[in-house]
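K.L.:
Please see the structure below; I have some questions.
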Amino acid sequence: MVKVKTALRRAFLDNWKFLLLSAASLAAFLLFWSLYAAWLRADWPFHGTPSPSAEYVPYPWVVLGALIGSFTTPDPATRLLMTDHILASLKRMFLGFLLAFGLALPLGLLMGRSRSVEAVSSPIVELFRPIPPLAWVPIFMVVFAFTTGPILIVFLGIFFPVLLNVRLGAKSVDPLLIDAARTLGAKGHQIFTSVIFPSTIPHMMTGIKVGLGIGWMCIVAAEMLGAVGGGVGYYIFATSQYGRYDLMFAGMVVIGILSVLTTGVAGLIERWVYRWMGMK
Amino acid sequence: MSVCIHIEHLSKTFTKDKRSITALGDFSLDISDGEFVCLLGPSGCGKTTALRIVAGLEKGTYGTVQVHGKKVSSAGPGRGMVFQEFALFPWRTVRKNIEFGLEMKGVPEQERVRISSKFIELVGLKGFEDSPPSELSGGMKQRVGIARALANEPEVLLMDEPFGALDAQTRNLMQKELLRIWAATGKTILFVTHSVDEAVFLADKIVVMTARPGKVREIIPVELQRPRDRTSREFIAVRGKVLTELDEEFEIAQARERSKE
């Protein structure tokens, strides 16, 4: 009993220590940022002449103020609120994701299970896969304009991670499970839906999480070239053109938070799917 | 008793790395309804191949397999199979694993639950209906494997070293459980094993196979009363007879290996 108690207390302390160290690390980062900004401005505790670069590096609390303000005051570049930008970017992410997932899932399953589908599609896939999605930005912006262009860039970013992971998953289905299903009377399409697809779900979720991260990187770059109806990437670019670096940094913070949130939601869905499937 | 499984002149040749290997050569066997038959032989003699052909998971090169007069051409629910590695669907609970075959047949849910409950009870898994396979011990996993095959009401139950992955105690318990389930359902069972002790404990008759290419060397009927006592003189006598047969085959296989070198 005593042993359990000390073990519990140790775990509790460990958790506290972990949180404390994490908070300290974050605080140290903010401190160095503040000191650097102060040094550029020759503010306290530094002396001398201010650097001309000072305007590019606002204090962290200024960025925080700009971030809070961006939700109530339209920015000078686009006359939109941060919520509009966030919704515009989320909509592109969502559409790009749906398109990528809807195509990559069936194609990945078929490529993993059929030699002829693999033979037909792998040269094309291998040809386009190594090209960074951002390399497509200039041509997409010309051909597809600013409405669909960013969506297609996001699509490319998410498509390949999902495709490759699903294909790997479909290839590594335990052949014994397929044998078992056949002796239980499962026919071709039933084996696909009842054995191959569920076996692939863990790989699919990995592909989605990797893809979402890449998707956020893609959307910022794609929106920077211009985006109808705003977007956080566009916001970052446009406010920097206006010389409002406080707003620009606020936009960067928003992108970071959005990326963490969507990956977090994907993680939650993953756990929910596993529980629903009865796996741990 | 009428013939349930009829295997005639079955042979199977694999091609691997441009070499052809004959796993089975002219294997013939008749199994009656309700009989418990063990296939026993030196490793690599093709006993698992024979079982997989009866299941319809593989095709023989020559010869035929019939179950109740119907030719076996592909896998189907008429021949239930239990695997050494259990082969349970990890994303399905115990109940959902057992209902798999019924779902494939399109049996309505209420009926599925009724049937699965019956087999959960039969194999002694009550209370574990909603557990995922990952939470079960090896012996319990194989209970699910047996219930899953039986829920389809197959004409025969094919078992490929089903207790090979279990520890000795669990193995002995599962053998007794299988005999109980067999008595309750009256299924025809074809059981592959490499354990002489297991074969003598379970079987009505033991089919000793020759070394590769496998065919029937000898069929030894086991006429001991059940429950069998592994320490009885009669049990040991049958065991000795089977071992002698098997040892001779093992010697032949060894000699052949040596002459190849």
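So you can find residues: chains in the structure tokens are A, B, ... in the order shown, residues in each start at 1, and ligands are numbered from 1 in order.
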Please, which residues in region 136-224 of chain B fall within 10 Å of region 183-198 of chain A when counting only C-alpha atoms, and what is the closest atom pair and distance in Å to one decimal for each, ordered by chain then residue number, as CSV?
P.N.:
residue,atom,partner,partner_atom,distance
B:Arg148,CA,A:Leu184,CA,8.2
B:Ala149,CA,A:Leu184,CA,6.9
B:Leu150,CA,A:Leu184,CA,9.7
B:Ala151,CA,A:Leu184,CA,9.3
B:Asn152,CA,A:Leu184,CA,7.2
B:Pro154,CA,A:Leu184,CA,9.2
B:Leu158,CA,A:Thr183,CA,9.9
K.L.:
Considering only C-alpha atoms, give me a table of residues in chain B that are at most 6 Å from chain A, with the closest atom pair and distance in Å for each, as JSON lines.
P.N.:
{"residue": "B:Ala75", "atom": "CA", "partner": "A:Thr183", "partner_atom": "CA", "distance": 5.2}
{"residue": "B:Gly76", "atom": "CA", "partner": "A:Gly185", "partner_atom": "CA", "distance": 4.6}
{"residue": "B:Pro77", "atom": "CA", "partner": "A:Gly185", "partner_atom": "CA", "distance": 4.4}
{"residue": "B:Gly80", "atom": "CA", "partner": "A:Thr183", "partner_atom": "CA", "distance": 5.9}
{"residue": "B:Ala87", "atom": "CA", "partner": "A:Leu177", "partner_atom": "CA", "distance": 5.4}
{"residue": "B:Trp91", "atom": "CA", "partner": "A:Met277", "partner_atom": "CA", "distance": 4.5}
{"residue": "B:Arg92", "atom": "CA", "partner": "A:Gly278", "partner_atom": "CA", "distance": 6.0}
{"residue": "B:Gly101", "atom": "CA", "partner": "A:Leu184", "partner_atom": "CA", "distance": 4.8}
{"residue": "B:Met104", "atom": "CA", "partner": "A:Ala186", "partner_atom": "CA", "distance": 5.7}
{"residue": "B:Pro132", "atom": "CA", "partner": "A:Gly278", "partner_atom": "CA", "distance": 5.4}
K.L.:
So that I can see what lies close to Leu39 (chain B), please list as number ranges by chain the residues with an atom at most 12 Å from it, counting only C-alpha atoms and leaving out residues fewer than 3 positions away in the same chain.
P.N.:
B: 27, 29, 31, 36, 42-43, 45-51, 158-161, 189-196, 198-200, 202-210, 214-220, 242, 246
K.L.:
Would you export the selected residues with C-alpha atoms as a tab-separated table (two decimals), in the first residue's frame, please?
P.N.:
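Everything below was put into out-v7.tsv:
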chain	number	residue	atom	x	y	z
B	27	PHE	CA	-2.76	-39.14	-51.49
B	29	LEU	CA	-8.29	-41.06	-48.01
B	31	ILE	CA	-13.41	-40.04	-43.92
B	36	PHE	CA	-12.32	-37.57	-35.91
B	42	PRO	CA	7.19	-35.87	-40.52
B	43	SER	CA	7.46	-32.12	-41.02
B	45	CYS	CA	5.27	-34.17	-45.61
B	46	GLY	CA	2.44	-32.08	-47.01
B	47	LYS	CA	-0.17	-32.60	-44.30
B	48	THR	CA	-0.99	-28.89	-44.14
B	49	THR	CA	-1.06	-28.77	-47.95
B	50	ALA	CA	-3.57	-31.62	-47.99
B	51	LEU	CA	-5.74	-29.79	-45.45
B	158	LEU	CA	-10.52	-28.64	-40.65
B	159	MET	CA	-7.92	-27.93	-38.01
B	160	ASP	CA	-4.32	-27.05	-38.85
B	161	GLU	CA	-2.21	-27.71	-35.73
B	189	ILE	CA	-13.03	-33.34	-37.97
B	190	LEU	CA	-9.82	-33.53	-39.96
B	191	PHE	CA	-7.02	-32.51	-37.63
B	192	VAL	CA	-3.39	-31.95	-38.62
B	193	THR	CA	-0.76	-32.38	-35.92
B	194	HIS	CA	2.83	-33.43	-35.47
B	195	SER	CA	2.24	-34.56	-31.90
B	196	VAL	CA	1.79	-38.34	-31.58
B	198	GLU	CA	-2.23	-35.44	-29.30
B	199	ALA	CA	-3.25	-37.70	-32.19
B	200	VAL	CA	-3.66	-40.78	-29.96
B	202	LEU	CA	-8.04	-37.31	-29.94
B	203	ALA	CA	-8.47	-39.45	-33.02
B	204	ASP	CA	-10.79	-42.23	-34.10
B	205	LYS	CA	-8.13	-43.02	-36.63
B	206	ILE	CA	-4.64	-41.74	-37.25
B	207	VAL	CA	-3.39	-41.33	-40.80
B	208	VAL	CA	0.40	-41.63	-40.79
B	209	MET	CA	1.84	-39.97	-43.86
B	210	THR	CA	5.05	-40.79	-45.66
B	214	GLY	CA	3.32	-37.29	-48.84
B	215	LYS	CA	0.90	-40.15	-49.24
B	216	VAL	CA	-0.85	-42.44	-46.80
B	217	ARG	CA	1.61	-44.85	-45.22
B	218	GLU	CA	-0.73	-46.44	-42.73
B	219	ILE	CA	-4.11	-45.85	-41.17
B	220	ILE	CA	-4.11	-46.76	-37.49
B	242	VAL	CA	2.45	-44.83	-34.14
B	246	LEU	CA	6.72	-42.26	-37.78
K.L.:
Please determine, counting only C-alpha atoms, which residue among B:Val107, B:Ile98, B:Ala184, B:Met174 has the shortest atom-to-atom distance to Leu122 (chain B).
P.N.:
B:Ala184
K.L.:
Suppose you want the space between CA of Leu31 (chain A) and CA of Pro60 (chain A); what is it in Å?
P.N.:
9.1 Å
K.L.:
Contacts of region 37-54 of chain A at 12 Å or less, counting only C-alpha atoms, minus same-chain residues fewer than 5 places along, as a PyMOL selection string?
P.N.:
chain A and resi 30-32+59-63+243+245-246
K.L.:
Quick one: distance from CA of Ala253 (chain B) to CA of Thr22 (chain B) in Å, one decimal?
P.N.:
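Going from CA of Ala253 (chain B) over to CA of Thr22 (chain B), I get 13.8 Å.
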K.L.:
Run DSSP on the backbone and give me the residues of region 1-198 of chain B it puts in strand (DSSP E or B), as a ChimeraX atom specification.
P.N.:
/B:3-16,19-32,36-40,62-67,70-71,79-82,156-160,188-193
K.L.:
Excluding Gly56 (chain B) and its own-chain neighbours fewer than 2 positions away, which residues fall within 8 Å of it when counting only C-alpha atoms? Please give them as a ChimeraX atom specification.
P.N.:
/A:183 /B:52-54,58-59,72-76
K.L.:
Once you have the residues from the selection above, write them out as a PDB file, in the first residue's frame, restricted to C-alpha atoms.
P.N.:
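So the final result, stored in result_21.pdb, reads:
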ATOM      1  CA  THR A 183     -13.081 -20.357 -45.477  1.00  0.00           C
TER       2      THR A 183
ATOM      3  CA  ARG B  52      -5.581 -26.524 -47.417  1.00  0.00           C
ATOM      4  CA  ILE B  53      -6.650 -28.336 -50.584  1.00  0.00           C
ATOM      5  CA  VAL B  54      -9.625 -29.866 -48.765  1.00  0.00           C
ATOM      6  CA  GLU B  58      -5.209 -24.294 -52.710  1.00  0.00           C
ATOM      7  CA  LYS B  59      -5.776 -26.468 -55.751  1.00  0.00           C
ATOM      8  CA  VAL B  72     -14.276 -29.016 -53.882  1.00  0.00           C
ATOM      9  CA  SER B  73     -13.140 -26.252 -56.216  1.00  0.00           C
ATOM     10  CA  SER B  74     -12.772 -23.187 -54.027  1.00  0.00           C
ATOM     11  CA  ALA B  75     -12.923 -22.131 -50.372  1.00  0.00           C
ATOM     12  CA  GLY B  76     -16.382 -21.851 -48.892  1.00  0.00           C
TER      13      GLY B  76
END
K.L.:
Which residue out of A:Pro130, A:Ala23, A:Leu247, A:Met141 has the minimum interatomic distance to Thr73 (chain A) when only C-alpha atoms are used?
P.N.:
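Looking at the shortest contact to Thr73 (chain A), the residue is A:Leu247.
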K.L.:
Within 8 Å of Arg143 (chain B), counting only C-alpha atoms, which residues show up once you throw out same-chain ones fewer than 2 positions away? Write them as a list in words, please.
P.N.:
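What passes the distance filter is Val123, Gly124, Leu125, Gly139, Met140, Lys141, Gly145, Ile146 and Ala147 of chain B.
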